[in-house]
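**Student:** Dumping the structure here so I can ask a few things about it.
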Amino acid sequence: AVVPLAPFYGKELGLTAVQTATLVAAIQPGFILGYGCFAMLSDWGFSTRTINLSGASLCTFPAIIVAVWPTFFSLVLFQVLQGIGLAWMMSSMQGALFRVTDPAIFGRALGIMSILVVSGILFGLLMPVFYAAGGIPLVF
């Protein structure tokens, strides 16, 4: 919800152009950290379920913080933590998909997963509408 709305957040919070760009780019370090940590968690014997739940909580709880305390720092922290959580969830879900899916229907399974990913991206385009209706707390 941050990337499509970065210009609006920048205007509302009085951010500079560099701060707004930082806000957009902050998810990338999260992905890099997340994929590295995922490998370590797997090596340490954490189950796929535990990693998925941890990733989901890293995507959920920072959003609550942003809704209550909408500042530049909380938005950047949200982006980094969301990147870590999404990396954990994407890696473990794709691994689970390949483990439990019959090889004869891999293509269909990947197609359905791709549709879900794209629908999430398209939902992001609606975020400016939600922002216009209620500001940062409504989006988060």
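Ordering of the structure tokens sets the chain letters (A, B, ...); residue numbers start at 1 within each chain; ligands are numbered from 1 in the order shown.
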Extract, using only C-alpha atoms, all DNA, RNA and protein residues at most 8 Å from Ser74 of chain A, discarding same-chain residues fewer than 6 positions from it, and format them as JSON, numbers by chain.

**Tutor:** {"A": [62, 65, 66]}

**Student:** Determine, counting only C-alpha atoms, which protein, DNA and RNA residues have an atom within 12 Å of an atom of Ala109 of chain A; residues of the same chain fewer than 6 positions away are not included. Present the result as a list in words.

**Tutor:** Met93, Gln94, Ala96, Leu97, Phe98, Arg99, Val100, Thr101, Asp102, Pro103, Ile115 and Leu116 of chain A

**Student:** Take the residues from that selection and write them out as a JSON list (two decimals), in the first residue's frame, keeping all heavy atoms.

**Tutor:**
[["chain", "number", "residue", "atom", "x", "y", "z"],
["A", 93, "MET", "N", 5.78, -20.77, 0.28],
["A", 93, "MET", "CA", 4.56, -21.16, -0.43],
["A", 93, "MET", "C", 4.88, -21.82, -1.77],
["A", 93, "MET", "O", 4.24, -22.78, -2.16],
["A", 93, "MET", "CB", 3.64, -19.96, -0.62],
["A", 93, "MET", "CG", 2.97, -19.53, 0.64],
["A", 93, "MET", "SD", 1.89, -18.14, 0.33],
["A", 93, "MET", "CE", 1.38, -17.75, 1.97],
["A", 94, "GLN", "N", 5.87, -21.30, -2.48],
["A", 94, "GLN", "CA", 6.24, -21.93, -3.74],
["A", 94, "GLN", "C", 6.83, -23.31, -3.50],
["A", 94, "GLN", "O", 6.56, -24.25, -4.24],
["A", 94, "GLN", "CB", 7.23, -21.06, -4.50],
["A", 94, "GLN", "CG", 6.58, -19.84, -5.11],
["A", 94, "GLN", "CD", 7.59, -18.95, -5.82],
["A", 94, "GLN", "OE1", 8.79, -19.17, -5.74],
["A", 94, "GLN", "NE2", 7.09, -17.94, -6.50],
["A", 96, "ALA", "N", 6.08, -25.30, -0.99],
["A", 96, "ALA", "CA", 4.96, -26.17, -0.64],
["A", 96, "ALA", "C", 4.14, -26.52, -1.87],
["A", 96, "ALA", "O", 3.68, -27.66, -2.02],
["A", 96, "ALA", "CB", 4.08, -25.50, 0.41],
["A", 97, "LEU", "N", 3.98, -25.57, -2.77],
["A", 97, "LEU", "CA", 3.21, -25.81, -3.99],
["A", 97, "LEU", "C", 3.86, -26.93, -4.80],
["A", 97, "LEU", "O", 3.18, -27.84, -5.28],
["A", 97, "LEU", "CB", 3.13, -24.53, -4.82],
["A", 97, "LEU", "CG", 2.39, -24.61, -6.14],
["A", 97, "LEU", "CD1", 0.89, -24.76, -5.90],
["A", 97, "LEU", "CD2", 2.66, -23.37, -6.97],
["A", 98, "PHE", "N", 5.17, -26.90, -4.94],
["A", 98, "PHE", "CA", 5.85, -27.93, -5.73],
["A", 98, "PHE", "C", 5.89, -29.27, -5.00],
["A", 98, "PHE", "O", 5.93, -30.31, -5.63],
["A", 98, "PHE", "CB", 7.26, -27.48, -6.10],
["A", 98, "PHE", "CG", 7.27, -26.48, -7.20],
["A", 98, "PHE", "CD1", 7.74, -25.20, -7.00],
["A", 98, "PHE", "CD2", 6.80, -26.81, -8.46],
["A", 98, "PHE", "CE1", 7.73, -24.27, -8.01],
["A", 98, "PHE", "CE2", 6.79, -25.88, -9.49],
["A", 98, "PHE", "CZ", 7.26, -24.61, -9.26],
["A", 99, "ARG", "N", 5.89, -29.24, -3.67],
["A", 99, "ARG", "CA", 5.92, -30.50, -2.92],
["A", 99, "ARG", "C", 4.61, -31.26, -2.99],
["A", 99, "ARG", "O", 4.59, -32.48, -3.06],
["A", 99, "ARG", "CB", 6.25, -30.21, -1.44],
["A", 99, "ARG", "CG", 7.60, -30.64, -1.02],
["A", 99, "ARG", "CD", 7.80, -30.65, 0.48],
["A", 99, "ARG", "NE", 7.02, -29.72, 1.26],
["A", 99, "ARG", "CZ", 7.39, -28.48, 1.60],
["A", 99, "ARG", "NH1", 8.56, -28.03, 1.22],
["A", 99, "ARG", "NH2", 6.62, -27.72, 2.33],
["A", 100, "VAL", "N", 3.49, -30.54, -2.96],
["A", 100, "VAL", "CA", 2.19, -31.22, -2.84],
["A", 100, "VAL", "C", 1.43, -31.33, -4.16],
["A", 100, "VAL", "O", 0.43, -32.03, -4.23],
["A", 100, "VAL", "CB", 1.28, -30.51, -1.80],
["A", 100, "VAL", "CG1", 1.94, -30.53, -0.44],
["A", 100, "VAL", "CG2", 0.94, -29.10, -2.22],
["A", 101, "THR", "N", 1.89, -30.66, -5.19],
["A", 101, "THR", "CA", 1.17, -30.66, -6.46],
["A", 101, "THR", "C", 1.63, -31.81, -7.35],
["A", 101, "THR", "O", 2.83, -32.06, -7.48],
["A", 101, "THR", "CB", 1.38, -29.32, -7.20],
["A", 101, "THR", "OG1", 1.01, -28.26, -6.33],
["A", 101, "THR", "CG2", 0.55, -29.24, -8.45],
["A", 102, "ASP", "N", 0.69, -32.45, -7.96],
["A", 102, "ASP", "CA", 0.99, -33.51, -8.91],
["A", 102, "ASP", "C", 1.73, -32.91, -10.10],
["A", 102, "ASP", "O", 1.32, -31.87, -10.63],
["A", 102, "ASP", "CB", -0.33, -34.16, -9.36],
["A", 102, "ASP", "CG", -0.12, -35.31, -10.32],
["A", 102, "ASP", "OD1", 0.95, -35.94, -10.27],
["A", 102, "ASP", "OD2", -1.05, -35.58, -11.12],
["A", 103, "PRO", "N", 2.84, -33.50, -10.53],
["A", 103, "PRO", "CA", 3.60, -32.94, -11.65],
["A", 103, "PRO", "C", 2.78, -32.73, -12.91],
["A", 103, "PRO", "O", 3.11, -31.87, -13.73],
["A", 103, "PRO", "CB", 4.70, -33.98, -11.89],
["A", 103, "PRO", "CG", 4.87, -34.67, -10.59],
["A", 103, "PRO", "CD", 3.51, -34.69, -9.96],
["A", 115, "ILE", "N", -2.10, -15.67, -11.08],
["A", 115, "ILE", "CA", -3.32, -14.86, -11.08],
["A", 115, "ILE", "C", -3.51, -14.19, -9.73],
["A", 115, "ILE", "O", -3.86, -13.01, -9.65],
["A", 115, "ILE", "CB", -4.55, -15.72, -11.45],
["A", 115, "ILE", "CG1", -4.50, -16.08, -12.93],
["A", 115, "ILE", "CG2", -5.85, -15.01, -11.11],
["A", 115, "ILE", "CD1", -5.53, -17.12, -13.33],
["A", 116, "LEU", "N", -3.26, -14.92, -8.66],
["A", 116, "LEU", "CA", -3.40, -14.35, -7.32],
["A", 116, "LEU", "C", -2.39, -13.22, -7.09],
["A", 116, "LEU", "O", -2.74, -12.18, -6.52],
["A", 116, "LEU", "CB", -3.25, -15.44, -6.26],
["A", 116, "LEU", "CG", -4.35, -16.49, -6.24],
["A", 116, "LEU", "CD1", -4.01, -17.60, -5.26],
["A", 116, "LEU", "CD2", -5.68, -15.85, -5.89]]

**Student:** Using only C-alpha atoms, which of the listed residues (A:Phe73, A:Phe46, A:Trp88, A:Phe106) sits closest to Phe31 of chain A?

**Tutor:**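 Checking each of A:Phe73, A:Phe46, A:Trp88, A:Phe106 against Phe31 of chain A, counting only C-alpha atoms, the winner is A:Trp88.
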
**Student:** Could you jot down the atom CA of Ala133 of chain A to atom CA of Ala67 of chain A separation for me, Å, one decimal place?

**Tutor:**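 Between atom CA of Ala133 of chain A and atom CA of Ala67 of chain A the gap is 14.7 Å.
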
**Student:** What is the atom CA of Leu33 of chain A-atom CA of Met89 of chain A distance in Å, reported with one decimal?

**Tutor:**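 Between atom CA of Leu33 of chain A and atom CA of Met89 of chain A the gap is 13.3 Å.
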
**Student:** For a quick check of understanding, using only C-alpha atoms, which of A:Ala104, A:Val76, A:Leu81, A:Val68 has the smallest distance to Thr22 of chain A?

**Tutor:**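 The answer is A:Val76, which sits nearest to Thr22 of chain A.
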
**Student:** Could you write out, as an MDAnalysis selection string, all the residues of chain A that DSSP marks as alpha helix (DSSP H)?

**Tutor:** chainID A and resid 6:13 17:25 27:43 48:68 72:100 106:124 127:139
